[in-house]
Structure formats: C-alpha cells, structure tokens
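Chemist: Have a look at this one.
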Amino acid sequence: MTSVHPPVVSYPLPRLPVPIEPAPELLSLARQSPVNLSLLTLLAHPAQRARLQAGPALLPGAVEELIRYVQLSSALPPARVTTEEVTLGGVTIPAGGMVFTLFVIANRDPAAFPDPDTFDITRQLGTHLGFGVGAHHCLGAQLARAELTEAFRGLLGRLSGARLAVGADQLRFKENMTITSLMELPVTWGAGDGTGQ
Ligand code: HEM
C-alpha cells in the first residue's frame, strides 16, 4: 500500500492489513510504536534532535510535534456514519453515509499547520488531531504523552552522534498491522550524515 500523503521520513508504509492484529497486540503496539517511530523521526532530523538535547525544556512541545508528525496509523482509518445530511468541504454527504476520518492527513493540513511536512519541535502548535477528537478521543492520550516524555528524557543524553545504521528504504516493518510498527531500528554511533549514509 502506498501512502496517500508524503510519508514521515520516507519510510514505506506497510501493506493494507488483512487480517488485523488481535486486540492485546494492538494495545501493546499503541505503546511501543509511538516511541520507536518518534526515535526514528529524531534520528532522521539530527538538527532538531540537537536542539532538543541542548534545550530539554523543549521536550513537552517536541512530544506534541512528534504526535502530530509521526504517522502512527495510515491503514484502516476510523469510520463514522453521518446521522444527518452534512456538507463538508463543499461535498454533501447524505444521512447514513460513511466517512473515514484520516487524522494523519488532517495533521498535515497546510491551512492548520504552516509548512506541515516540516518536523519542527518549536512549532507553536495550538492543537492537533493526533489523538482524534470528540467522543472517541484517544483513551490512552495522557499515557502516551507520559511514555514519550519519559522515554526521551532518558534517551536524549545517549543519542549524541547516533544515526540510522541503514538507509530509510531498508527499514523493515511488520506486515498486517493497523499500527505502523518497525521490526527493528538499527542505530549506530559515529561518522555519517545522520540518515544511515
Ligand atoms: C502516540 C500514541 C497514540 C496515538 C497517536 C493514538 C491515537 C488515537 C486516535 C487518533 C484515536 C481515535 C480513533 C477514532 O476516532 O476512532 C484513538 C483512540 C483510542 N486509543 Fe489511542 N493513540 C495512542 C496511544 C494509545 C495508548 C497508549 C492506548 C492505551 C494503552 C490507546 C488507547 C485508545 C483507545 C482505547 C481508543 C478508543 C477510544 C474510543 O473509541 O472511545 N491509545 N487513539
């Protein structure tokens, strides 16, 4: 499957998941993958990482920007059924119509986020749709924020000189997953341009 939007750091999205993973694994991935993909994002953006290492006070904003920027799930977007006729973006959807809420795409809306494909930990982010909105807003949002914050509070000091040990196109992802999930994240320390080259 190809992304309908430029992918985060040019990593390939997994193919459409059929069948999908069982619920316990889904919950487990909801906790592992944000940290893994956020680490990948920071490795792919060495200048942003250096700013964060130099200014740990930027961490809360960086975590929100990671949640906006990282495409945790592009497959099987949540579906909603309209209870009445509604016009969205000039398109009229009848009552009982199915709408797919692509939060990852909304998070790259240039009308809401200037230069949306740029990862910028100092972005003045009023809000984002990384955790959805309304009745189904993510139940794990605060847990996810706390896990990302603590993971990077612990990891940042160890990442000086770290870079991907392989090219982004060589990263391997688990298949048949609704949540984008790495098989492994090869990291090395030393010379290189920070992108595995
Ligand atoms: C950065 C990490 C995470 C992101 C980006 C994320 C994103 C989302 C999004 C966009 C939704 C809304 C789905 C919809 O509108 O139908 C959602 C719902 C949900 N999330 Fe998360 N999530 C994350 C972490 C977690 C964690 C760690 C847990 C639990 C341990 C969790 C549990 C749930 C549950 C149970 C729902 C369904 C809520 C409902 O339908 O009422 N999430 N999440």
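To be explicit about the labels: the chains of the structure tokens are called A, B, and onward in the order shown, and within each one the residues are counted from 1, while ligands get numbers from 1 in the order they are shown.
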Step by step, measure atom-to-atom distances between ligand 1 and each residue using only C-alpha atoms and all ligand atoms, keep those at most 10 Å, then write them as a PyMOL selection string.
Modeler: chain A and resi 23-24+26-35+37-38+63-64+66-73+77-80+100-104+129-148+179
Chemist: Report the residues of region 20-152 of chain A whose backbone DSSP state falls under alpha helix (DSSP H), written as a ChimeraX atom specification.
Modeler: /A:23-44,46-54,59-69,103-106,141-152
Chemist: Using the chain letters and numbers from this document, which residues of region 2-181 of chain A does DSSP assign to strand (DSSP E or B), as number ranges by chain?
Modeler: A: 79-81, 86-88, 91-93, 98-100, 162-164, 173
Chemist: With 12 Å as the cut-off and only C-alpha atoms counted, what is the closest atom pair between each nearby residue of region 102-196 of chain A and region 56-59 of chain A? Distances in Å to one decimal, ordered by chain and number, as a Markdown table.
Modeler:
```
| residue | atom | partner | partner_atom | distance |
| --- | --- | --- | --- | --- |
| A:Asp120 | CA | A:Leu58 | CA | 10.9 |
| A:Ile121 | CA | A:Leu58 | CA | 7.2 |
| A:Thr122 | CA | A:Leu58 | CA | 7.2 |
| A:Arg123 | CA | A:Leu58 | CA | 10.4 |
| A:Gln124 | CA | A:Leu58 | CA | 11.5 |
| A:Arg145 | CA | A:Leu59 | CA | 10.7 |
| A:Ala146 | CA | A:Leu59 | CA | 11.1 |
| A:Leu148 | CA | A:Leu59 | CA | 9.4 |
| A:Thr149 | CA | A:Leu59 | CA | 6.9 |
| A:Glu150 | CA | A:Leu59 | CA | 9.7 |
| A:Ala151 | CA | A:Leu59 | CA | 10.8 |
| A:Phe152 | CA | A:Leu59 | CA | 8.0 |
| A:Arg153 | CA | A:Pro56 | CA | 7.8 |
| A:Gly154 | CA | A:Pro56 | CA | 10.9 |
| A:Leu155 | CA | A:Pro56 | CA | 11.5 |
| A:Leu156 | CA | A:Pro56 | CA | 8.7 |
| A:Gly157 | CA | A:Pro56 | CA | 9.9 |
```
Chemist: Determine, counting only C-alpha atoms, which protein, DNA and RNA residues have an atom within 8 Å of an atom of Arg172 (chain A); residues of the same chain fewer than 4 positions away are not included. Present the result as number ranges by chain.
Modeler: A: 182-184
